[in-house]
Amino acid sequence: MNIIVTGGASGIGKGLVDALSKRNHRVWGVDVDQASLDRNSRELGWHERNVVCRELDVRHPEHWKEVIESVIAEAGKLDVLLNVAGVVRPEFAHQLTPENIALQMDVNAKGLILGCQAAAKVMAEQRSGHIVNIASLAGIAPIRGISIYSASKFAVRGFSLAIAQELAPLGVKVSVVCPDAVDTPMVDLQLHYPEAAMTFSGPRILTTAEVVQTIVDDVLVHQPIEMIIPKSRAFIVRLAAALPARLMRWYGEKLVAKGRQAQEKIKSASKTAGDRRPS
């Protein structure tokens with residue numbers, strides 16, 4: 001298959017590029033960080049497999065156009081788009097900055113929508129294709145302390161479920177994947193923000209390998225409309241989302257307390273403890 005993976009420089013995106021190329025798929029690993037893509041290619045041997053590393057800022061439609069046109073020119077068709085790129089900037093509502101609001105909404109929601117639009121146009125003409133969008137459990141139940149990130153992932157999930165209906169008659173499948181917290185640089189960043197305590201309130205942090213394996217062996221094979229990872233969290237997160245506001249606030253306080261304990265435990269055990277707040 002011919003596959004585009006955004007966010008290929010790190011985390012889940014990097015894992016997907018590596019796993020899919022090992023299965024002899026033709027992969028375009030794209031990211032705004034070209035230097036890290038090139039380093040991955042050298043260190044992981046991507047250049048010896050069918051991986052093309054391209055710089056792509058998902059916020060710019062002309063970048064999407066160039067990448068997708070290059071895929072069609074080289075391979076003849078686009079089989080899968082994996083929208084993985086994302087950012088988070090923990091802040092409480094009264095501390096939100098315009099820059100961080102714009103960054104998270106533009107990358108997580110707008111950039112993903114632009115990618116879906118560009119891929120859907122090609123796939124509709126082909127009458128085949130699969131778009132996989134990475135949302136989050138924060139796109140099902142609201143998460144305090146990362147409200148803009150949560151809002152962006154609500155947008156991703158809603159958009160994905162809507163276009164799944166639109167594109168199905170055209171032979172194009174759409175899946176939205178909602179993982180719990182994953183051991184990636186994004187979660188690592190949140191570790192040192194008290195605002196992001198609720199991120200760590202789950203039973204454990206998922207490994208990148210778990211999420212990658214679920215996407216490769218389940219989502220790409222069975223093409224579900226929605227996948228929650230781990231499946232055991234599906235009931236509790238949907239229940240939390242359905243709680244009345246007063247109960248949600250009470251339940252949220254419990255989760256924040258649990259998350260803060262987990263943050264401290266992880267920080268004390270981590271060899272990389274230190275302030276990683278972005279400048």
# chains A, B, ... in the order shown; residues from 1 in each chain; ligands from 1
$ residues_around --residues "Gln261 in chain A" --least-positions-apart "3" --cutoff "9 Å" --atoms "only C-alpha atoms" --output "PDB file with C-alpha atoms, in the first residue's frame"
ATOM      1  CA  ALA A 197      -2.621  16.092  36.032  1.00  0.00           C
ATOM      2  CA  PHE A 200      -2.093  10.742  34.102  1.00  0.00           C
ATOM      3  CA  SER A 201      -5.258   9.541  35.851  1.00  0.00           C
ATOM      4  CA  VAL A 256      -6.956  15.186  39.192  1.00  0.00           C
ATOM      5  CA  ALA A 257      -5.856  13.964  42.637  1.00  0.00           C
ATOM      6  CA  LYS A 258      -5.069  10.546  41.216  1.00  0.00           C
ATOM      7  CA  GLU A 264       4.975  12.619  41.151  1.00  0.00           C
ATOM      8  CA  LYS A 265       5.583   8.880  41.038  1.00  0.00           C
ATOM      9  CA  ILE A 266       6.694   9.017  37.401  1.00  0.00           C
TER      10      ILE A 266
END
$ closest_atom_pairs --of "range 96-122 of chain A" --to "range 174-188 of chain A" --cutoff "12 Å" --atoms "only C-alpha atoms" --output "CSV"
residue,atom,partner,partner_atom,distance
A:Leu112,CA,A:Val176,CA,11.6
A:Cys116,CA,A:Val174,CA,9.5
A:Ala119,CA,A:Val174,CA,11.2
A:Ala120,CA,A:Val174,CA,9.7
$ write_last_selection --atoms "N, CA and C atoms" --output "short mmCIF file (atom, residue, chain, number, x, y, z; two decimals), in the first residue's frame"
data_model
loop_
_atom_site.label_atom_id
_atom_site.label_comp_id
_atom_site.auth_asym_id
_atom_site.auth_seq_id
_atom_site.Cartn_x
_atom_site.Cartn_y
_atom_site.Cartn_z
N LEU A 112 -5.42 18.71 10.29
CA LEU A 112 -5.99 17.39 10.00
C LEU A 112 -7.12 17.50 8.98
N CYS A 116 -7.39 15.70 5.35
CA CYS A 116 -8.52 14.85 4.95
C CYS A 116 -9.14 15.32 3.65
N ALA A 119 -6.78 14.41 0.74
CA ALA A 119 -6.77 12.96 0.48
C ALA A 119 -8.11 12.48 -0.03
N ALA A 120 -9.20 13.01 0.55
CA ALA A 120 -10.54 12.57 0.15
C ALA A 120 -10.81 12.87 -1.32
#
$ closest_residue --among "A:Lys22, A:Arg238, A:Lys110, A:Arg127" --to "Gly45 in chain A" --atoms "only C-alpha atoms"
A:Lys22
$ residues_around --residues "Gly158 in chain A" --least-positions-apart "5" --cutoff "12 Å" --atoms "only C-alpha atoms" --output "PDB file with N, CA, C and O atoms, in the first residue's frame"
ATOM      1  N   ALA A 109      -6.604  20.325  14.655  1.00  0.00           N
ATOM      2  CA  ALA A 109      -7.908  20.287  13.979  1.00  0.00           C
ATOM      3  C   ALA A 109      -7.819  20.766  12.530  1.00  0.00           C
ATOM      4  O   ALA A 109      -8.070  20.008  11.595  1.00  0.00           O
ATOM      5  N   ILE A 113      -7.972  18.488   9.129  1.00  0.00           N
ATOM      6  CA  ILE A 113      -9.082  18.677   8.189  1.00  0.00           C
ATOM      7  C   ILE A 113      -8.561  18.955   6.784  1.00  0.00           C
ATOM      8  O   ILE A 113      -9.073  18.406   5.797  1.00  0.00           O
ATOM      9  N   ASN A 133      -7.650   9.010  11.432  1.00  0.00           N
ATOM     10  CA  ASN A 133      -7.375  10.218  12.199  1.00  0.00           C
ATOM     11  C   ASN A 133      -7.157   9.873  13.670  1.00  0.00           C
ATOM     12  O   ASN A 133      -7.956   9.151  14.266  1.00  0.00           O
ATOM     13  N   ILE A 134      -6.073  10.411  14.235  1.00  0.00           N
ATOM     14  CA  ILE A 134      -5.790  10.169  15.644  1.00  0.00           C
ATOM     15  C   ILE A 134      -6.423  11.268  16.479  1.00  0.00           C
ATOM     16  O   ILE A 134      -6.032  12.437  16.395  1.00  0.00           O
ATOM     17  N   ALA A 135      -7.414  10.907  17.266  1.00  0.00           N
ATOM     18  CA  ALA A 135      -8.024  11.833  18.218  1.00  0.00           C
ATOM     19  C   ALA A 135      -7.456  11.513  19.594  1.00  0.00           C
ATOM     20  O   ALA A 135      -6.231  11.445  19.762  1.00  0.00           O
ATOM     21  N   SER A 136      -8.289  11.261  20.583  1.00  0.00           N
ATOM     22  CA  SER A 136      -7.824  11.018  21.947  1.00  0.00           C
ATOM     23  C   SER A 136      -9.040  10.724  22.810  1.00  0.00           C
ATOM     24  O   SER A 136     -10.174  11.067  22.450  1.00  0.00           O
ATOM     25  N   GLY A 139     -10.971  13.622  23.403  1.00  0.00           N
ATOM     26  CA  GLY A 139     -11.950  14.020  22.412  1.00  0.00           C
ATOM     27  C   GLY A 139     -13.308  13.388  22.653  1.00  0.00           C
ATOM     28  O   GLY A 139     -14.251  13.596  21.879  1.00  0.00           O
ATOM     29  N   ILE A 140     -13.412  12.606  23.731  1.00  0.00           N
ATOM     30  CA  ILE A 140     -14.692  11.985  24.107  1.00  0.00           C
ATOM     31  C   ILE A 140     -15.193  12.577  25.422  1.00  0.00           C
ATOM     32  O   ILE A 140     -16.361  12.932  25.558  1.00  0.00           O
ATOM     33  N   ALA A 151     -10.551  20.365  23.177  1.00  0.00           N
ATOM     34  CA  ALA A 151     -11.483  20.919  22.188  1.00  0.00           C
ATOM     35  C   ALA A 151     -11.071  20.538  20.773  1.00  0.00           C
ATOM     36  O   ALA A 151     -11.922  20.199  19.932  1.00  0.00           O
ATOM     37  N   SER A 152      -9.774  20.576  20.501  1.00  0.00           N
ATOM     38  CA  SER A 152      -9.303  20.220  19.160  1.00  0.00           C
ATOM     39  C   SER A 152      -9.570  18.763  18.845  1.00  0.00           C
ATOM     40  O   SER A 152      -9.891  18.405  17.704  1.00  0.00           O
ATOM     41  N   LYS A 153      -9.462  17.906  19.861  1.00  0.00           N
ATOM     42  CA  LYS A 153      -9.692  16.479  19.632  1.00  0.00           C
ATOM     43  C   LYS A 153     -11.189  16.157  19.554  1.00  0.00           C
ATOM     44  O   LYS A 153     -11.590  15.207  18.864  1.00  0.00           O
ATOM     45  N   ILE A 163     -17.472  12.762   8.255  1.00  0.00           N
ATOM     46  CA  ILE A 163     -16.999  12.454   6.896  1.00  0.00           C
ATOM     47  C   ILE A 163     -16.995  10.957   6.613  1.00  0.00           C
ATOM     48  O   ILE A 163     -17.029  10.550   5.452  1.00  0.00           O
ATOM     49  N   ALA A 164     -17.002  10.151   7.681  1.00  0.00           N
ATOM     50  CA  ALA A 164     -17.128   8.703   7.465  1.00  0.00           C
ATOM     51  C   ALA A 164     -18.446   8.399   6.759  1.00  0.00           C
ATOM     52  O   ALA A 164     -18.515   7.523   5.882  1.00  0.00           O
ATOM     53  N   GLN A 165     -19.491   9.144   7.117  1.00  0.00           N
ATOM     54  CA  GLN A 165     -20.794   8.965   6.472  1.00  0.00           C
ATOM     55  C   GLN A 165     -20.778   9.506   5.044  1.00  0.00           C
ATOM     56  O   GLN A 165     -21.366   8.911   4.135  1.00  0.00           O
ATOM     57  N   VAL A 174     -13.227   5.787   6.699  1.00  0.00           N
ATOM     58  CA  VAL A 174     -12.648   6.730   7.654  1.00  0.00           C
ATOM     59  C   VAL A 174     -12.697   6.101   9.044  1.00  0.00           C
ATOM     60  O   VAL A 174     -13.739   5.593   9.463  1.00  0.00           O
ATOM     61  N   SER A 175     -11.564   6.134   9.737  1.00  0.00           N
ATOM     62  CA  SER A 175     -11.485   5.642  11.113  1.00  0.00           C
ATOM     63  C   SER A 175     -10.945   6.744  12.008  1.00  0.00           C
ATOM     64  O   SER A 175     -10.039   7.482  11.615  1.00  0.00           O
ATOM     65  N   VAL A 176     -11.486   6.849  13.217  1.00  0.00           N
ATOM     66  CA  VAL A 176     -10.934   7.761  14.209  1.00  0.00           C
ATOM     67  C   VAL A 176     -10.470   6.928  15.398  1.00  0.00           C
ATOM     68  O   VAL A 176     -11.201   6.078  15.907  1.00  0.00           O
ATOM     69  N   VAL A 177      -9.225   7.139  15.800  1.00  0.00           N
ATOM     70  CA  VAL A 177      -8.602   6.363  16.868  1.00  0.00           C
ATOM     71  C   VAL A 177      -8.459   7.263  18.091  1.00  0.00           C
ATOM     72  O   VAL A 177      -7.911   8.367  18.003  1.00  0.00           O
ATOM     73  N   CYS A 178      -8.946   6.784  19.240  1.00  0.00           N
ATOM     74  CA  CYS A 178      -8.938   7.575  20.470  1.00  0.00           C
ATOM     75  C   CYS A 178      -8.138   6.845  21.550  1.00  0.00           C
ATOM     76  O   CYS A 178      -8.693   6.064  22.323  1.00  0.00           O
ATOM     77  N   ILE A 225     -15.034   2.387  12.261  1.00  0.00           N
ATOM     78  CA  ILE A 225     -15.270   3.829  12.259  1.00  0.00           C
ATOM     79  C   ILE A 225     -14.602   4.469  13.471  1.00  0.00           C
ATOM     80  O   ILE A 225     -14.047   5.564  13.371  1.00  0.00           O
ATOM     81  N   GLU A 226     -14.632   3.797  14.617  1.00  0.00           N
ATOM     82  CA  GLU A 226     -13.992   4.349  15.811  1.00  0.00           C
ATOM     83  C   GLU A 226     -13.301   3.242  16.589  1.00  0.00           C
ATOM     84  O   GLU A 226     -13.823   2.132  16.715  1.00  0.00           O
TER      85      GLU A 226
END
$ atom_distance --atom1 "CA of Glu91 in chain A" --atom2 "CA of Leu137 in chain A"
18.2 Å
$ residues_around --residues "range 71-84 of chain A" --least-positions-apart "4" --cutoff "9 Å" --atoms "only C-alpha atoms" --output "MDAnalysis selection string"
chainID A and resid 1:8 12:13 16 26 28 66:67 108 112 115:116 119 122:123 126 128:135 220
$ write_last_selection --atoms "C-alpha atoms" --output "compact mmCIF listing (two decimals), in the first residue's frame"
# COMPACT_ATOMS: atom_id res chain seq x y z
CA MET A 1 0.00 0.00 0.00
CA ASN A 2 0.97 3.63 -0.49
CA ILE A 3 0.68 5.39 2.87
CA ILE A 4 1.19 8.94 4.16
CA VAL A 5 2.00 9.28 7.88
CA THR A 6 2.01 12.77 9.41
CA GLY A 7 3.99 13.44 12.57
CA GLY A 8 6.56 10.92 11.37
CA ILE A 12 3.25 7.31 17.23
CA GLY A 13 4.00 8.68 13.76
CA LEU A 16 3.99 3.77 12.31
CA ARG A 26 5.53 2.39 0.47
CA TRP A 28 5.75 8.84 2.99
CA GLU A 66 2.50 19.04 -3.07
CA VAL A 67 2.88 15.87 -1.01
CA ASN A 108 -4.64 19.32 15.65
CA LEU A 112 -5.99 17.39 10.00
CA GLY A 115 -5.23 16.70 5.02
CA CYS A 116 -8.52 14.85 4.95
CA ALA A 119 -6.77 12.96 0.48
CA VAL A 122 -8.01 11.81 -4.60
CA MET A 123 -9.59 8.80 -2.89
CA GLN A 126 -10.11 6.35 -7.05
CA SER A 128 -10.97 3.53 -2.69
CA GLY A 129 -8.84 4.56 0.25
CA HIS A 130 -8.70 4.75 4.03
CA ILE A 131 -8.27 7.86 6.20
CA VAL A 132 -7.21 7.26 9.82
CA ASN A 133 -7.37 10.22 12.20
CA ILE A 134 -5.79 10.17 15.64
CA ALA A 135 -8.02 11.83 18.22
CA LEU A 220 -5.91 -0.81 8.93
$ residues_around --residues "Met198 in chain A" --least-positions-apart "4" --cutoff "12 Å" --atoms "only C-alpha atoms" --output "MDAnalysis selection string"
chainID A and resid 90 137:138 141:147 150 180:181 187 190:191 193:194 202:203 251:263
$ write_last_selection --atoms "N, CA, C and O atoms" --output "CSV table (one decimal), in the first residue's frame"
chain,number,residue,atom,x,y,z
A,90,PRO,N,-0.4,22.7,27.8
A,90,PRO,CA,-1.3,22.8,29.0
A,90,PRO,C,-1.4,24.2,29.6
A,90,PRO,O,-0.4,24.8,29.7
A,137,LEU,N,-8.8,10.1,24.0
A,137,LEU,CA,-9.9,10.0,24.9
A,137,LEU,C,-10.3,11.4,25.4
A,137,LEU,O,-11.5,11.6,25.7
A,138,ALA,N,-9.4,12.4,25.2
A,138,ALA,CA,-9.8,13.8,25.5
A,138,ALA,C,-10.7,14.4,24.5
A,138,ALA,O,-11.2,15.5,24.6
A,141,ALA,N,-14.3,12.7,26.4
A,141,ALA,CA,-14.6,13.3,27.7
A,141,ALA,C,-13.7,14.5,27.9
A,141,ALA,O,-12.5,14.4,27.6
A,142,PRO,N,-14.2,15.7,28.3
A,142,PRO,CA,-13.4,16.9,28.4
A,142,PRO,C,-12.3,16.7,29.5
A,142,PRO,O,-12.6,16.2,30.6
A,143,ILE,N,-11.1,17.2,29.2
A,143,ILE,CA,-10.0,17.1,30.2
A,143,ILE,C,-9.6,18.5,30.6
A,143,ILE,O,-9.1,19.3,29.8
A,144,ARG,N,-9.7,18.8,31.9
A,144,ARG,CA,-9.3,20.1,32.4
A,144,ARG,C,-7.8,20.3,32.3
A,144,ARG,O,-7.0,19.3,32.4
A,145,GLY,N,-7.3,21.5,32.2
A,145,GLY,CA,-5.9,21.7,32.2
A,145,GLY,C,-5.3,21.7,30.8
A,145,GLY,O,-4.3,22.3,30.5
A,146,ILE,N,-6.0,20.9,29.9
A,146,ILE,CA,-5.6,20.9,28.5
A,146,ILE,C,-6.8,21.1,27.6
A,146,ILE,O,-7.1,20.4,26.7
A,147,SER,N,-7.6,22.2,28.0
A,147,SER,CA,-8.9,22.4,27.4
A,147,SER,C,-8.9,22.6,25.9
A,147,SER,O,-9.7,22.2,25.2
A,150,SER,N,-8.2,19.4,24.3
A,150,SER,CA,-9.4,18.6,24.3
A,150,SER,C,-10.4,19.0,23.3
A,150,SER,O,-11.0,18.2,22.6
A,180,ASP,N,-5.8,6.5,25.0
A,180,ASP,CA,-5.5,7.1,26.3
A,180,ASP,C,-4.1,7.7,26.2
A,180,ASP,O,-3.5,7.7,25.1
A,181,ALA,N,-3.5,8.2,27.3
A,181,ALA,CA,-2.2,8.8,27.3
A,181,ALA,C,-1.2,7.8,26.8
A,181,ALA,O,-1.2,6.6,27.2
A,187,VAL,N,3.3,13.4,25.9
A,187,VAL,CA,2.9,13.1,27.3
A,187,VAL,C,4.1,13.5,28.2
A,187,VAL,O,3.9,13.9,29.3
A,190,GLN,N,3.9,17.0,29.3
A,190,GLN,CA,2.8,17.3,30.3
A,190,GLN,C,3.2,16.9,31.7
A,190,GLN,O,2.6,17.3,32.6
A,191,LEU,N,4.2,16.0,31.8
A,191,LEU,CA,4.6,15.5,33.1
A,191,LEU,C,4.9,16.6,34.1
A,191,LEU,O,4.6,16.4,35.3
A,193,TYR,N,3.7,19.7,34.2
A,193,TYR,CA,2.6,20.7,34.3
A,193,TYR,C,1.6,20.2,35.3
A,193,TYR,O,0.9,19.3,35.0
A,194,PRO,N,1.4,20.9,36.4
A,194,PRO,CA,0.3,20.5,37.3
A,194,PRO,C,-1.0,20.6,36.6
A,194,PRO,O,-2.0,19.8,37.0
A,202,GLY,N,-5.3,7.7,34.3
A,202,GLY,CA,-5.6,6.3,33.9
A,202,GLY,C,-4.8,5.3,34.6
A,202,GLY,O,-3.9,5.6,35.4
A,203,PRO,N,-5.2,4.0,34.4
A,203,PRO,CA,-4.5,2.9,35.1
A,203,PRO,C,-3.0,2.9,34.7
A,203,PRO,O,-2.2,2.5,35.6
A,251,TYR,N,-16.3,14.1,39.9
A,251,TYR,CA,-15.5,13.0,39.4
A,251,TYR,C,-14.1,13.5,38.9
A,251,TYR,O,-13.1,12.9,39.1
A,252,GLY,N,-14.1,14.7,38.3
A,252,GLY,CA,-12.9,15.3,37.8
A,252,GLY,C,-11.9,15.6,38.9
A,252,GLY,O,-10.7,15.4,38.8
A,253,GLU,N,-12.4,16.1,40.1
A,253,GLU,CA,-11.5,16.3,41.2
A,253,GLU,C,-10.8,15.0,41.6
A,253,GLU,O,-9.6,15.1,42.0
A,254,LYS,N,-11.5,13.9,41.6
A,254,LYS,CA,-11.0,12.7,42.0
A,254,LYS,C,-9.9,12.3,41.0
A,254,LYS,O,-8.8,11.8,41.4
A,255,LEU,N,-10.1,12.5,39.7
A,255,LEU,CA,-9.1,12.1,38.7
A,255,LEU,C,-7.9,13.0,38.8
A,255,LEU,O,-6.8,12.5,38.6
A,256,VAL,N,-8.1,14.3,39.1
A,256,VAL,CA,-7.0,15.2,39.2
A,256,VAL,C,-6.1,14.7,40.3
A,256,VAL,O,-4.8,14.7,40.2
A,257,ALA,N,-6.7,14.4,41.5
A,257,ALA,CA,-5.9,14.0,42.6
A,257,ALA,C,-5.1,12.7,42.3
A,257,ALA,O,-3.9,12.6,42.6
A,258,LYS,N,-5.7,11.8,41.6
A,258,LYS,CA,-5.1,10.5,41.2
A,258,LYS,C,-3.9,10.8,40.2
A,258,LYS,O,-2.9,10.3,40.3
A,259,GLY,N,-4.2,11.7,39.3
A,259,GLY,CA,-3.2,12.1,38.3
A,259,GLY,C,-2.0,12.7,38.9
A,259,GLY,O,-0.9,12.5,38.5
A,260,ARG,N,-2.2,13.6,39.9
A,260,ARG,CA,-1.1,14.3,40.5
A,260,ARG,C,-0.2,13.3,41.2
A,260,ARG,O,1.1,13.4,41.2
A,261,GLN,N,-0.8,12.3,41.9
A,261,GLN,CA,0.0,11.3,42.5
A,261,GLN,C,0.9,10.5,41.5
A,261,GLN,O,2.0,10.2,41.7
A,262,ALA,N,0.2,10.2,40.3
A,262,ALA,CA,0.9,9.5,39.3
A,262,ALA,C,2.1,10.3,38.7
A,262,ALA,O,3.2,9.8,38.4
A,263,GLN,N,1.8,11.6,38.5
A,263,GLN,CA,2.9,12.5,38.0
A,263,GLN,C,4.1,12.5,38.9
A,263,GLN,O,5.2,12.4,38.4
$ closest_residue --among "A:Arg59, A:Lys121, A:Arg54, A:His192" --to "Ser268 in chain A" --atoms "only C-alpha atoms"
A:His192
$ select_by_dssp --residues "range 154-201 of chain A" --states "strand (DSSP E or B)" --output "list in words"
Val172, Lys173, Val174, Ser175, Val176, Val177, Cys178, Pro179 and Val182 of chain A
$ write_last_selection --atoms "C-alpha atoms" --output "PDB file, in the first residue's frame"
ATOM      1  CA  VAL A 172     -13.541   5.597   1.093  1.00  0.00           C
ATOM      2  CA  LYS A 173     -13.285   4.408   4.698  1.00  0.00           C
ATOM      3  CA  VAL A 174     -12.648   6.730   7.654  1.00  0.00           C
ATOM      4  CA  SER A 175     -11.485   5.642  11.113  1.00  0.00           C
ATOM      5  CA  VAL A 176     -10.934   7.761  14.209  1.00  0.00           C
ATOM      6  CA  VAL A 177      -8.602   6.363  16.868  1.00  0.00           C
ATOM      7  CA  CYS A 178      -8.938   7.575  20.470  1.00  0.00           C
ATOM      8  CA  PRO A 179      -6.021   6.431  22.635  1.00  0.00           C
ATOM      9  CA  VAL A 182       0.716   7.350  25.312  1.00  0.00           C
TER      10      VAL A 182
END
$ residues_around --residues "Val51 in chain A" --least-positions-apart "2" --cutoff "9 Å" --atoms "only C-alpha atoms" --output "number ranges by chain"
A: 17-18, 21, 25-29, 41, 46-49, 53
$ residues_around --residues "Gln34 in chain A" --least-positions-apart "2" --cutoff "6 Å" --atoms "only C-alpha atoms" --output "PyMOL selection string"
chain A and resi 36-37+55
$ select_by_dssp --residues "range 60-140 of chain A" --states "alpha helix (DSSP H)" --output "PyMOL selection string"
chain A and resi 61-75+98-104+112-126
